>>> print(open('entry-v8.cif').read())   # mmCIF, N, CA and C atoms
data_query
#
loop_
_atom_site.group_PDB
_atom_site.id
_atom_site.type_symbol
_atom_site.label_atom_id
_atom_site.label_comp_id
_atom_site.auth_asym_id
_atom_site.auth_seq_id
_atom_site.Cartn_x
_atom_site.Cartn_y
_atom_site.Cartn_z
ATOM 1 N N MET A 887 -1.620 3.845 -3.313
ATOM 2 C CA MET A 887 -2.181 2.646 -3.856
ATOM 3 C C MET A 887 -1.463 2.313 -5.155
ATOM 4 N N LEU A 888 -1.295 1.037 -5.396
ATOM 5 C CA LEU A 888 -0.659 0.544 -6.620
ATOM 6 C C LEU A 888 -1.711 -0.155 -7.460
ATOM 7 N N ILE A 889 -1.844 0.259 -8.704
ATOM 8 C CA ILE A 889 -2.774 -0.369 -9.632
ATOM 9 C C ILE A 889 -1.960 -1.003 -10.744
ATOM 10 N N LEU A 890 -2.137 -2.301 -10.927
ATOM 11 C CA LEU A 890 -1.468 -3.035 -11.996
ATOM 12 C C LEU A 890 -2.448 -3.244 -13.139
ATOM 13 N N ILE A 891 -2.033 -2.908 -14.328
ATOM 14 C CA ILE A 891 -2.850 -3.154 -15.510
ATOM 15 C C ILE A 891 -2.174 -4.269 -16.286
ATOM 16 N N THR A 892 -2.868 -5.405 -16.396
ATOM 17 C CA THR A 892 -2.278 -6.592 -17.019
ATOM 18 C C THR A 892 -2.936 -6.958 -18.344
ATOM 19 N N HIS A 893 -4.018 -6.262 -18.706
ATOM 20 C CA HIS A 893 -4.735 -6.543 -19.954
ATOM 21 C C HIS A 893 -4.771 -5.280 -20.806
ATOM 22 N N PRO A 894 -4.684 -5.423 -22.126
ATOM 23 C CA PRO A 894 -4.669 -4.232 -22.986
ATOM 24 C C PRO A 894 -6.008 -3.509 -23.065
ATOM 25 N N HIS A 895 -7.103 -4.259 -22.998
ATOM 26 C CA HIS A 895 -8.427 -3.651 -23.117
ATOM 27 C C HIS A 895 -9.041 -3.522 -21.730
ATOM 28 N N LEU A 896 -9.330 -2.301 -21.336
ATOM 29 C CA LEU A 896 -9.949 -2.053 -20.036
ATOM 30 C C LEU A 896 -11.456 -1.981 -20.199
ATOM 31 N N SER A 897 -12.167 -2.699 -19.361
ATOM 32 C CA SER A 897 -13.628 -2.662 -19.402
ATOM 33 C C SER A 897 -14.111 -1.345 -18.806
ATOM 34 N N SER A 898 -15.388 -1.068 -18.969
ATOM 35 C CA SER A 898 -15.937 0.155 -18.377
ATOM 36 C C SER A 898 -15.850 0.082 -16.851
ATOM 37 N N ALA A 899 -15.974 -1.121 -16.286
ATOM 38 C CA ALA A 899 -15.836 -1.284 -14.834
ATOM 39 C C ALA A 899 -14.400 -0.989 -14.398
ATOM 40 N N ASP A 900 -13.420 -1.439 -15.186
ATOM 41 C CA ASP A 900 -12.011 -1.155 -14.879
ATOM 42 C C ASP A 900 -11.757 0.347 -14.903
ATOM 43 N N LYS A 901 -12.272 1.004 -15.911
ATOM 44 C CA LYS A 901 -12.088 2.456 -16.039
ATOM 45 C C LYS A 901 -12.742 3.203 -14.886
ATOM 46 N N SER A 902 -13.924 2.747 -14.502
ATOM 47 C CA SER A 902 -14.633 3.380 -13.380
ATOM 48 C C SER A 902 -13.871 3.179 -12.078
ATOM 49 N N LEU A 903 -13.370 1.967 -11.867
ATOM 50 C CA LEU A 903 -12.593 1.681 -10.667
ATOM 51 C C LEU A 903 -11.327 2.529 -10.631
ATOM 52 N N LEU A 904 -10.654 2.640 -11.756
ATOM 53 C CA LEU A 904 -9.436 3.452 -11.838
ATOM 54 C C LEU A 904 -9.748 4.916 -11.533
ATOM 55 N N SER A 905 -10.801 5.445 -12.113
ATOM 56 C CA SER A 905 -11.185 6.843 -11.876
ATOM 57 C C SER A 905 -11.571 7.073 -10.419
ATOM 58 N N ALA A 906 -12.338 6.156 -9.846
ATOM 59 C CA ALA A 906 -12.759 6.297 -8.447
ATOM 60 C C ALA A 906 -11.578 6.212 -7.497
ATOM 61 N N THR A 907 -10.666 5.307 -7.760
ATOM 62 C CA THR A 907 -9.482 5.151 -6.912
ATOM 63 C C THR A 907 -8.644 6.416 -6.926
ATOM 64 N N ILE A 908 -8.482 6.974 -8.093
ATOM 65 C CA ILE A 908 -7.664 8.178 -8.222
ATOM 66 C C ILE A 908 -8.318 9.363 -7.502
ATOM 67 N N LYS A 909 -9.628 9.420 -7.496
ATOM 68 C CA LYS A 909 -10.323 10.500 -6.801
ATOM 69 C C LYS A 909 -10.222 10.367 -5.287
ATOM 70 N N GLN A 910 -10.054 9.144 -4.789
ATOM 71 C CA GLN A 910 -10.040 8.893 -3.350
ATOM 72 C C GLN A 910 -8.646 8.869 -2.739
ATOM 73 N N SER A 911 -7.615 8.667 -3.530
ATOM 74 C CA SER A 911 -6.263 8.505 -3.000
ATOM 75 C C SER A 911 -5.437 9.755 -3.213
ATOM 76 N N THR A 912 -4.472 9.959 -2.334
ATOM 77 C CA THR A 912 -3.575 11.103 -2.479
ATOM 78 C C THR A 912 -2.411 10.783 -3.403
ATOM 79 N N PHE A 913 -2.011 9.513 -3.479
ATOM 80 C CA PHE A 913 -0.959 9.103 -4.403
ATOM 81 C C PHE A 913 -1.311 7.752 -4.991
ATOM 82 N N VAL A 914 -1.254 7.657 -6.306
ATOM 83 C CA VAL A 914 -1.559 6.411 -7.006
ATOM 84 C C VAL A 914 -0.438 6.132 -7.996
ATOM 85 N N ALA A 915 0.039 4.896 -7.983
ATOM 86 C CA ALA A 915 0.997 4.441 -8.985
ATOM 87 C C ALA A 915 0.278 3.431 -9.867
ATOM 88 N N VAL A 916 0.305 3.661 -11.171
ATOM 89 C CA VAL A 916 -0.299 2.748 -12.133
ATOM 90 C C VAL A 916 0.837 2.143 -12.937
ATOM 91 N N VAL A 917 0.928 0.799 -12.913
ATOM 92 C CA VAL A 917 1.996 0.110 -13.621
ATOM 93 C C VAL A 917 1.377 -0.843 -14.635
ATOM 94 N N CYS A 918 1.761 -0.692 -15.881
ATOM 95 C CA CYS A 918 1.304 -1.584 -16.946
ATOM 96 C C CYS A 918 2.321 -2.709 -17.093
ATOM 97 N N THR A 919 1.843 -3.945 -16.957
ATOM 98 C CA THR A 919 2.711 -5.116 -17.053
ATOM 99 C C THR A 919 2.125 -6.109 -18.047
ATOM 100 N N GLY A 920 2.960 -7.014 -18.527
ATOM 101 C CA GLY A 920 2.485 -8.030 -19.466
ATOM 102 C C GLY A 920 1.830 -7.373 -20.668
ATOM 103 N N ASP A 921 0.701 -7.933 -21.098
ATOM 104 C CA ASP A 921 -0.026 -7.353 -22.231
ATOM 105 C C ASP A 921 -0.624 -5.993 -21.902
ATOM 106 N N GLY A 922 -0.634 -5.626 -20.623
ATOM 107 C CA GLY A 922 -1.130 -4.323 -20.202
ATOM 108 C C GLY A 922 -0.300 -3.159 -20.718
ATOM 109 N N VAL A 923 0.902 -3.433 -21.252
ATOM 110 C CA VAL A 923 1.723 -2.349 -21.799
ATOM 111 C C VAL A 923 1.074 -1.718 -23.030
ATOM 112 N N TYR A 924 0.095 -2.416 -23.624
ATOM 113 C CA TYR A 924 -0.645 -1.859 -24.760
ATOM 114 C C TYR A 924 -1.797 -0.950 -24.309
ATOM 115 N N ALA A 925 -2.174 -1.013 -23.039
ATOM 116 C CA ALA A 925 -3.329 -0.272 -22.532
ATOM 117 C C ALA A 925 -3.238 1.238 -22.761
ATOM 118 N N PRO A 926 -2.081 1.879 -22.542
ATOM 119 C CA PRO A 926 -2.038 3.336 -22.778
ATOM 120 C C PRO A 926 -2.334 3.723 -24.224
ATOM 121 N N MET A 927 -1.960 2.881 -25.172
ATOM 122 C CA MET A 927 -2.235 3.178 -26.583
ATOM 123 C C MET A 927 -3.701 2.936 -26.918
ATOM 124 N N LEU A 928 -4.266 1.855 -26.369
ATOM 125 C CA LEU A 928 -5.645 1.483 -26.691
ATOM 126 C C LEU A 928 -6.684 2.284 -25.904
ATOM 127 N N ASN A 929 -6.274 2.847 -24.788
ATOM 128 C CA ASN A 929 -7.174 3.644 -23.937
ATOM 129 C C ASN A 929 -6.605 5.053 -23.804
ATOM 130 N N HIS A 930 -6.263 5.615 -24.942
ATOM 131 C CA HIS A 930 -5.546 6.894 -24.992
ATOM 132 C C HIS A 930 -6.276 8.009 -24.241
ATOM 133 N N ALA A 931 -7.584 8.112 -24.418
ATOM 134 C CA ALA A 931 -8.336 9.204 -23.783
ATOM 135 C C ALA A 931 -8.255 9.119 -22.262
ATOM 136 N N LEU A 932 -8.376 7.925 -21.722
ATOM 137 C CA LEU A 932 -8.303 7.738 -20.271
ATOM 138 C C LEU A 932 -6.927 8.124 -19.737
ATOM 139 N N PHE A 933 -5.886 7.648 -20.384
ATOM 140 C CA PHE A 933 -4.533 7.944 -19.907
ATOM 141 C C PHE A 933 -4.187 9.411 -20.100
ATOM 142 N N GLU A 934 -4.689 10.023 -21.157
ATOM 143 C CA GLU A 934 -4.474 11.455 -21.370
ATOM 144 C C GLU A 934 -5.128 12.248 -20.246
ATOM 145 N N ALA A 935 -6.335 11.846 -19.842
ATOM 146 C CA ALA A 935 -7.025 12.523 -18.738
ATOM 147 C C ALA A 935 -6.254 12.350 -17.438
ATOM 148 N N LEU A 936 -5.697 11.175 -17.217
ATOM 149 C CA LEU A 936 -4.904 10.942 -16.006
ATOM 150 C C LEU A 936 -3.646 11.802 -16.000
ATOM 151 N N LEU A 937 -3.014 11.919 -17.149
ATOM 152 C CA LEU A 937 -1.776 12.695 -17.250
ATOM 153 C C LEU A 937 -2.010 14.190 -17.073
ATOM 154 N N THR A 938 -3.174 14.670 -17.460
ATOM 155 C CA THR A 938 -3.436 16.111 -17.377
ATOM 156 C C THR A 938 -4.143 16.513 -16.083
ATOM 157 N N SER A 939 -4.519 15.544 -15.268
ATOM 158 C CA SER A 939 -5.187 15.844 -14.005
ATOM 159 C C SER A 939 -4.209 16.512 -13.047
ATOM 160 N N THR A 940 -4.643 17.603 -12.445
ATOM 161 C CA THR A 940 -3.778 18.318 -11.508
ATOM 162 C C THR A 940 -4.209 18.124 -10.064
ATOM 163 N N THR A 941 -5.278 17.360 -9.856
ATOM 164 C CA THR A 941 -5.804 17.199 -8.501
ATOM 165 C C THR A 941 -5.190 16.010 -7.757
ATOM 166 N N ILE A 942 -4.414 15.192 -8.440
ATOM 167 C CA ILE A 942 -3.845 14.009 -7.805
ATOM 168 C C ILE A 942 -2.360 13.900 -8.097
ATOM 169 N N ASN A 943 -1.697 13.127 -7.271
ATOM 170 C CA ASN A 943 -0.305 12.789 -7.492
ATOM 171 C C ASN A 943 -0.297 11.367 -8.041
ATOM 172 N N ILE A 944 -0.022 11.242 -9.325
ATOM 173 C CA ILE A 944 -0.087 9.931 -9.985
ATOM 174 C C ILE A 944 1.217 9.663 -10.726
ATOM 175 N N GLU A 945 1.630 8.421 -10.678
ATOM 176 C CA GLU A 945 2.805 7.981 -11.424
ATOM 177 C C GLU A 945 2.352 6.895 -12.380
ATOM 178 N N LEU A 946 2.513 7.131 -13.674
ATOM 179 C CA LEU A 946 2.137 6.158 -14.696
ATOM 180 C C LEU A 946 3.398 5.516 -15.247
ATOM 181 N N CYS A 947 3.457 4.183 -15.150
ATOM 182 C CA CYS A 947 4.662 3.446 -15.532
ATOM 183 C C CYS A 947 4.306 2.225 -16.365
ATOM 184 N N ALA A 948 5.316 1.694 -17.042
ATOM 185 C CA ALA A 948 5.199 0.428 -17.761
ATOM 186 C C ALA A 948 6.527 -0.299 -17.611
ATOM 187 N N LEU A 949 6.450 -1.616 -17.445
ATOM 188 C CA LEU A 949 7.678 -2.396 -17.320
ATOM 189 C C LEU A 949 8.422 -2.395 -18.656
ATOM 190 N N LYS A 950 9.657 -1.938 -18.600
ATOM 191 C CA LYS A 950 10.494 -1.804 -19.788
ATOM 192 C C LYS A 950 10.684 -3.146 -20.494
ATOM 193 N N ASP A 951 10.945 -4.222 -19.737
ATOM 194 C CA ASP A 951 11.156 -5.549 -20.327
ATOM 195 C C ASP A 951 9.919 -6.041 -21.064
ATOM 196 N N ASP A 952 8.736 -5.791 -20.500
ATOM 197 C CA ASP A 952 7.492 -6.209 -21.153
ATOM 198 C C ASP A 952 7.255 -5.405 -22.427
ATOM 199 N N MET A 953 7.593 -4.125 -22.404
ATOM 200 C CA MET A 953 7.450 -3.299 -23.603
ATOM 201 C C MET A 953 8.368 -3.797 -24.707
ATOM 202 N N THR A 954 9.597 -4.102 -24.355
ATOM 203 C CA THR A 954 10.574 -4.579 -25.328
ATOM 204 C C THR A 954 10.159 -5.928 -25.903
ATOM 205 N N THR A 955 9.759 -6.836 -25.032
ATOM 206 C CA THR A 955 9.360 -8.178 -25.456
ATOM 207 C C THR A 955 8.182 -8.132 -26.426
ATOM 208 N N ARG A 956 7.229 -7.234 -26.193
ATOM 209 C CA ARG A 956 6.015 -7.162 -27.003
ATOM 210 C C ARG A 956 6.105 -6.152 -28.136
ATOM 211 N N GLY A 957 7.204 -5.418 -28.215
ATOM 212 C CA GLY A 957 7.356 -4.426 -29.268
ATOM 213 C C GLY A 957 6.406 -3.252 -29.109
ATOM 214 N N ALA A 958 6.018 -2.979 -27.870
ATOM 215 C CA ALA A 958 5.088 -1.866 -27.606
ATOM 216 C C ALA A 958 5.829 -0.541 -27.681
ATOM 217 N N ASN A 959 5.194 0.433 -28.278
ATOM 218 C CA ASN A 959 5.771 1.770 -28.366
ATOM 219 C C ASN A 959 5.609 2.502 -27.048
ATOM 220 N N SER A 960 6.585 3.341 -26.757
ATOM 221 C CA SER A 960 6.504 4.182 -25.568
ATOM 222 C C SER A 960 5.484 5.284 -25.804
ATOM 223 N N VAL A 961 4.692 5.565 -24.780
ATOM 224 C CA VAL A 961 3.686 6.618 -24.852
ATOM 225 C C VAL A 961 4.161 7.779 -23.982
ATOM 226 N N GLN A 962 4.050 8.991 -24.498
ATOM 227 C CA GLN A 962 4.492 10.157 -23.757
ATOM 228 C C GLN A 962 3.768 10.229 -22.415
ATOM 229 N N GLY A 963 4.525 10.430 -21.356
ATOM 230 C CA GLY A 963 3.968 10.531 -20.018
ATOM 231 C C GLY A 963 3.991 9.226 -19.252
ATOM 232 N N ILE A 964 4.236 8.110 -19.942
ATOM 233 C CA ILE A 964 4.323 6.806 -19.296
ATOM 234 C C ILE A 964 5.809 6.499 -19.111
ATOM 235 N N LYS A 965 6.204 6.343 -17.865
ATOM 236 C CA LYS A 965 7.616 6.152 -17.530
ATOM 237 C C LYS A 965 7.987 4.671 -17.614
ATOM 238 N N PRO A 966 8.926 4.302 -18.487
ATOM 239 C CA PRO A 966 9.402 2.916 -18.510
ATOM 240 C C PRO A 966 10.246 2.644 -17.255
ATOM 241 N N ILE A 967 9.944 1.538 -16.571
ATOM 242 C CA ILE A 967 10.692 1.192 -15.363
ATOM 243 C C ILE A 967 11.248 -0.223 -15.469
ATOM 244 N N SER A 968 12.324 -0.462 -14.740
ATOM 245 C CA SER A 968 12.932 -1.787 -14.696
ATOM 246 C C SER A 968 12.202 -2.654 -13.673
ATOM 247 N N ASN A 969 12.521 -3.930 -13.665
ATOM 248 C CA ASN A 969 11.940 -4.831 -12.668
ATOM 249 C C ASN A 969 12.361 -4.421 -11.262
ATOM 250 N N GLN A 970 13.577 -3.918 -11.111
ATOM 251 C CA GLN A 970 14.041 -3.446 -9.802
ATOM 252 C C GLN A 970 13.236 -2.234 -9.347
ATOM 253 N N ASP A 971 12.977 -1.316 -10.264
ATOM 254 C CA ASP A 971 12.147 -0.147 -9.938
ATOM 255 C C ASP A 971 10.748 -0.588 -9.518
ATOM 256 N N PHE A 972 10.218 -1.598 -10.211
ATOM 257 C CA PHE A 972 8.894 -2.121 -9.871
ATOM 258 C C PHE A 972 8.904 -2.745 -8.480
ATOM 259 N N ALA A 973 9.964 -3.444 -8.134
ATOM 260 C CA ALA A 973 10.056 -4.044 -6.800
ATOM 261 C C ALA A 973 10.059 -2.965 -5.718
ATOM 262 N N VAL A 974 10.789 -1.894 -5.949
ATOM 263 C CA VAL A 974 10.829 -0.785 -4.989
ATOM 264 C C VAL A 974 9.449 -0.138 -4.878
ATOM 265 N N LEU A 975 8.815 0.088 -6.004
ATOM 266 C CA LEU A 975 7.488 0.698 -6.021
ATOM 267 C C LEU A 975 6.465 -0.196 -5.319
ATOM 268 N N SER A 976 6.528 -1.489 -5.582
ATOM 269 C CA SER A 976 5.558 -2.402 -4.974
ATOM 270 C C SER A 976 5.755 -2.536 -3.468
ATOM 271 N N SER A 977 6.986 -2.430 -3.010
ATOM 272 C CA SER A 977 7.220 -2.526 -1.566
ATOM 273 C C SER A 977 6.755 -1.265 -0.836
ATOM 274 N N ALA A 978 6.585 -0.178 -1.559
ATOM 275 C CA ALA A 978 6.139 1.085 -0.959
ATOM 276 C C ALA A 978 4.622 1.160 -0.795
ATOM 277 N N HIS A 979 3.889 0.222 -1.397
ATOM 278 C CA HIS A 979 2.419 0.262 -1.381
ATOM 279 C C HIS A 979 1.852 -0.999 -0.740
ATOM 280 N N GLN A 980 1.013 -0.811 0.272
ATOM 281 C CA GLN A 980 0.366 -1.933 0.917
ATOM 282 C C GLN A 980 -0.884 -2.384 0.157
ATOM 283 N N GLN A 981 -1.543 -1.457 -0.488
ATOM 284 C CA GLN A 981 -2.782 -1.757 -1.200
ATOM 285 C C GLN A 981 -2.515 -1.874 -2.696
ATOM 286 N N TRP A 982 -2.938 -3.013 -3.274
ATOM 287 C CA TRP A 982 -2.773 -3.282 -4.693
ATOM 288 C C TRP A 982 -4.122 -3.619 -5.306
ATOM 289 N N VAL A 983 -4.309 -3.199 -6.534
ATOM 290 C CA VAL A 983 -5.466 -3.595 -7.329
ATOM 291 C C VAL A 983 -4.928 -4.036 -8.689
ATOM 292 N N THR A 984 -5.384 -5.192 -9.150
ATOM 293 C CA THR A 984 -4.969 -5.666 -10.468
ATOM 294 C C THR A 984 -6.143 -5.615 -11.425
ATOM 295 N N LEU A 985 -5.934 -4.959 -12.563
ATOM 296 C CA LEU A 985 -6.977 -4.876 -13.613
ATOM 297 C C LEU A 985 -6.524 -5.669 -14.809
#
>>> encode(input="entry-v8.cif", output="structure tokens")
Amino acid sequence: MLILITHPHLSSADKSLLSATIKQSTFVAVVCTGDGVYAPMLNHALFEALLTSTTINIELCALKDDMTTRGANSVQGIKPISNQDFAVLSSAHQQWVTL
């Protein structure tokens, strides 16, 4: 499953949906795009828990161009990806959720 985060502030419903999805799926890719590139910094505890979880296969990414455009700092464990990498990742997933 592919989860797109497009907003910096995640609601409690967004966090619950993200946690539930990760518990149900064997592989989850989370990509922060647009203003969502600030989400890992603003929701540090949630992303730290995702990074330290050993029960799932998760890939946490952020679009490099969006980070550069917004001056967002890179967060350890969040992989900066190009638009081409995002296209490859998105074509690999049939199910998408946008937060």
>>> residues_near_point(input="entry-v8.cif", point="(5.9, 1.4, -5.0)", cutoff="12 Å", atoms="only C-alpha atoms", output="list in words")
Met887, Leu888, Ile889, Leu890, Phe913, Val914, Ala915, Val916, Val917, Ile944, Glu945, Leu946, Cys947, Ile967, Asn969, Gln970, Asp971, Phe972, Ala973, Val974, Leu975, Ser976, Ser977, Ala978, His979, Gln980, Gln981 and Trp982 of chain A
>>> write_last_selection(input="entry-v8.cif", atoms="N, CA and C atoms", output="compact mmCIF listing (two decimals), in the coordinates of the input")
# COMPACT_ATOMS: atom_id res chain seq x y z
N MET A 887 -1.62 3.84 -3.31
CA MET A 887 -2.18 2.65 -3.86
C MET A 887 -1.46 2.31 -5.16
N LEU A 888 -1.30 1.04 -5.40
CA LEU A 888 -0.66 0.54 -6.62
C LEU A 888 -1.71 -0.16 -7.46
N ILE A 889 -1.84 0.26 -8.70
CA ILE A 889 -2.77 -0.37 -9.63
C ILE A 889 -1.96 -1.00 -10.74
N LEU A 890 -2.14 -2.30 -10.93
CA LEU A 890 -1.47 -3.04 -12.00
C LEU A 890 -2.45 -3.24 -13.14
N PHE A 913 -2.01 9.51 -3.48
CA PHE A 913 -0.96 9.10 -4.40
C PHE A 913 -1.31 7.75 -4.99
N VAL A 914 -1.25 7.66 -6.31
CA VAL A 914 -1.56 6.41 -7.01
C VAL A 914 -0.44 6.13 -8.00
N ALA A 915 0.04 4.90 -7.98
CA ALA A 915 1.00 4.44 -8.98
C ALA A 915 0.28 3.43 -9.87
N VAL A 916 0.30 3.66 -11.17
CA VAL A 916 -0.30 2.75 -12.13
C VAL A 916 0.84 2.14 -12.94
N VAL A 917 0.93 0.80 -12.91
CA VAL A 917 2.00 0.11 -13.62
C VAL A 917 1.38 -0.84 -14.64
N ILE A 944 -0.02 11.24 -9.32
CA ILE A 944 -0.09 9.93 -9.98
C ILE A 944 1.22 9.66 -10.73
N GLU A 945 1.63 8.42 -10.68
CA GLU A 945 2.80 7.98 -11.42
C GLU A 945 2.35 6.90 -12.38
N LEU A 946 2.51 7.13 -13.67
CA LEU A 946 2.14 6.16 -14.70
C LEU A 946 3.40 5.52 -15.25
N CYS A 947 3.46 4.18 -15.15
CA CYS A 947 4.66 3.45 -15.53
C CYS A 947 4.31 2.22 -16.36
N ILE A 967 9.94 1.54 -16.57
CA ILE A 967 10.69 1.19 -15.36
C ILE A 967 11.25 -0.22 -15.47
N ASN A 969 12.52 -3.93 -13.66
CA ASN A 969 11.94 -4.83 -12.67
C ASN A 969 12.36 -4.42 -11.26
N GLN A 970 13.58 -3.92 -11.11
CA GLN A 970 14.04 -3.45 -9.80
C GLN A 970 13.24 -2.23 -9.35
N ASP A 971 12.98 -1.32 -10.26
CA ASP A 971 12.15 -0.15 -9.94
C ASP A 971 10.75 -0.59 -9.52
N PHE A 972 10.22 -1.60 -10.21
CA PHE A 972 8.89 -2.12 -9.87
C PHE A 972 8.90 -2.74 -8.48
N ALA A 973 9.96 -3.44 -8.13
CA ALA A 973 10.06 -4.04 -6.80
C ALA A 973 10.06 -2.96 -5.72
N VAL A 974 10.79 -1.89 -5.95
CA VAL A 974 10.83 -0.78 -4.99
C VAL A 974 9.45 -0.14 -4.88
N LEU A 975 8.82 0.09 -6.00
CA LEU A 975 7.49 0.70 -6.02
C LEU A 975 6.46 -0.20 -5.32
N SER A 976 6.53 -1.49 -5.58
CA SER A 976 5.56 -2.40 -4.97
C SER A 976 5.76 -2.54 -3.47
N SER A 977 6.99 -2.43 -3.01
CA SER A 977 7.22 -2.53 -1.57
C SER A 977 6.76 -1.26 -0.84
N ALA A 978 6.58 -0.18 -1.56
CA ALA A 978 6.14 1.08 -0.96
C ALA A 978 4.62 1.16 -0.80
N HIS A 979 3.89 0.22 -1.40
CA HIS A 979 2.42 0.26 -1.38
C HIS A 979 1.85 -1.00 -0.74
N GLN A 980 1.01 -0.81 0.27
CA GLN A 980 0.37 -1.93 0.92
C GLN A 980 -0.88 -2.38 0.16
N GLN A 981 -1.54 -1.46 -0.49
CA GLN A 981 -2.78 -1.76 -1.20
C GLN A 981 -2.52 -1.87 -2.70
N TRP A 982 -2.94 -3.01 -3.27
CA TRP A 982 -2.77 -3.28 -4.69
C TRP A 982 -4.12 -3.62 -5.31
>>> residues_near_point(input="entry-v8.cif", point="(-8.2, -7.5, -11.5)", cutoff="8 Å", atoms="all atoms listed in the file", output="PyMOL selection string")
chain A and resi 890-892+983-985
>>> atom_distance(input="entry-v8.cif", atom1="atom C of His895 in chain A", atom2="atom C of Tyr924 in chain A")
8.1 Å
>>> residues_around(input="entry-v8.cif", residues="range 954-963 of chain A", least_positions_apart="4", cutoff="9 Å", atoms="only C-alpha atoms", output="PyMOL selection string")
chain A and resi 920-921+923-924+926-927+933-934+937+946-950
>>> atom_distance(input="entry-v8.cif", atom1="CA of Asn929 in chain A", atom2="CA of Lys901 in chain A")
9.4 Å
>>> select_by_dssp(input="entry-v8.cif", residues="chain A", states="alpha helix (DSSP H)", output="ChimeraX atom specification")
/A:898-910,925-928,930-938,950-956,969-977
>>> atom_distance(input="entry-v8.cif", atom1="CA of Ala931 in chain A", atom2="CA of His893 in chain A")
16.6 Å
>>> select_by_dssp(input="entry-v8.cif", residues="chain A", states="strand (DSSP E or B)", output="PyMOL selection string")
chain A and resi 888-891+913-918+943-949+965-967+982-984
>>> closest_residue(input="entry-v8.cif", among="A:Ser898, A:Gln910, A:Ser968, A:Ser939", to="Asp951 in chain A", atoms="all atoms listed in the file")
A:Ser968
>>> axis_aligned_box(input="entry-v8.cif", around="range 887-892 of chain A", padding_each_side="5 Å", output="AutoDock Vina command-line options")
--center_x -1.8 --center_y -1.6 --center_z -10.8 --size_x 12.3 --size_y 20.8 --size_z 25.0
>>> closest_residue(input="entry-v8.cif", among="A:Pro894, A:Ala925, A:Ile908, A:Cys918", to="Asn943 in chain A", atoms="only C-alpha atoms")
A:Ile908
>>> build_atoms(input="entry-v8.cif", residues="range 928-940 of chain A", atoms="N, CA, C and O atoms", output="PDB file, in the coordinates of the input")
ATOM      1  N   LEU A 928      -4.266   1.855 -26.369  1.00  0.00           N
ATOM      2  CA  LEU A 928      -5.645   1.483 -26.691  1.00  0.00           C
ATOM      3  C   LEU A 928      -6.684   2.284 -25.904  1.00  0.00           C
ATOM      4  O   LEU A 928      -7.837   2.358 -26.311  1.00  0.00           O
ATOM      5  N   ASN A 929      -6.274   2.847 -24.788  1.00  0.00           N
ATOM      6  CA  ASN A 929      -7.174   3.644 -23.937  1.00  0.00           C
ATOM      7  C   ASN A 929      -6.605   5.053 -23.804  1.00  0.00           C
ATOM      8  O   ASN A 929      -6.495   5.601 -22.713  1.00  0.00           O
ATOM      9  N   HIS A 930      -6.263   5.615 -24.942  1.00  0.00           N
ATOM     10  CA  HIS A 930      -5.546   6.894 -24.992  1.00  0.00           C
ATOM     11  C   HIS A 930      -6.276   8.009 -24.241  1.00  0.00           C
ATOM     12  O   HIS A 930      -5.655   8.760 -23.487  1.00  0.00           O
ATOM     13  N   ALA A 931      -7.584   8.112 -24.418  1.00  0.00           N
ATOM     14  CA  ALA A 931      -8.336   9.204 -23.783  1.00  0.00           C
ATOM     15  C   ALA A 931      -8.255   9.119 -22.262  1.00  0.00           C
ATOM     16  O   ALA A 931      -8.079  10.135 -21.585  1.00  0.00           O
ATOM     17  N   LEU A 932      -8.376   7.925 -21.722  1.00  0.00           N
ATOM     18  CA  LEU A 932      -8.303   7.738 -20.271  1.00  0.00           C
ATOM     19  C   LEU A 932      -6.927   8.124 -19.737  1.00  0.00           C
ATOM     20  O   LEU A 932      -6.818   8.878 -18.772  1.00  0.00           O
ATOM     21  N   PHE A 933      -5.886   7.648 -20.384  1.00  0.00           N
ATOM     22  CA  PHE A 933      -4.533   7.944 -19.907  1.00  0.00           C
ATOM     23  C   PHE A 933      -4.187   9.411 -20.100  1.00  0.00           C
ATOM     24  O   PHE A 933      -3.490   9.997 -19.283  1.00  0.00           O
ATOM     25  N   GLU A 934      -4.689  10.023 -21.157  1.00  0.00           N
ATOM     26  CA  GLU A 934      -4.474  11.455 -21.370  1.00  0.00           C
ATOM     27  C   GLU A 934      -5.128  12.248 -20.246  1.00  0.00           C
ATOM     28  O   GLU A 934      -4.552  13.200 -19.715  1.00  0.00           O
ATOM     29  N   ALA A 935      -6.335  11.846 -19.842  1.00  0.00           N
ATOM     30  CA  ALA A 935      -7.025  12.523 -18.738  1.00  0.00           C
ATOM     31  C   ALA A 935      -6.254  12.350 -17.438  1.00  0.00           C
ATOM     32  O   ALA A 935      -6.153  13.287 -16.644  1.00  0.00           O
ATOM     33  N   LEU A 936      -5.697  11.175 -17.217  1.00  0.00           N
ATOM     34  CA  LEU A 936      -4.904  10.942 -16.006  1.00  0.00           C
ATOM     35  C   LEU A 936      -3.646  11.802 -16.000  1.00  0.00           C
ATOM     36  O   LEU A 936      -3.258  12.355 -14.974  1.00  0.00           O
ATOM     37  N   LEU A 937      -3.014  11.919 -17.149  1.00  0.00           N
ATOM     38  CA  LEU A 937      -1.776  12.695 -17.250  1.00  0.00           C
ATOM     39  C   LEU A 937      -2.010  14.190 -17.073  1.00  0.00           C
ATOM     40  O   LEU A 937      -1.137  14.899 -16.581  1.00  0.00           O
ATOM     41  N   THR A 938      -3.174  14.670 -17.460  1.00  0.00           N
ATOM     42  CA  THR A 938      -3.436  16.111 -17.377  1.00  0.00           C
ATOM     43  C   THR A 938      -4.143  16.513 -16.083  1.00  0.00           C
ATOM     44  O   THR A 938      -4.329  17.697 -15.840  1.00  0.00           O
ATOM     45  N   SER A 939      -4.519  15.544 -15.268  1.00  0.00           N
ATOM     46  CA  SER A 939      -5.187  15.844 -14.005  1.00  0.00           C
ATOM     47  C   SER A 939      -4.209  16.512 -13.047  1.00  0.00           C
ATOM     48  O   SER A 939      -3.094  16.045 -12.853  1.00  0.00           O
ATOM     49  N   THR A 940      -4.643  17.603 -12.445  1.00  0.00           N
ATOM     50  CA  THR A 940      -3.778  18.318 -11.508  1.00  0.00           C
ATOM     51  C   THR A 940      -4.209  18.124 -10.064  1.00  0.00           C
ATOM     52  O   THR A 940      -3.584  18.645  -9.156  1.00  0.00           O
TER      53      THR A 940
END
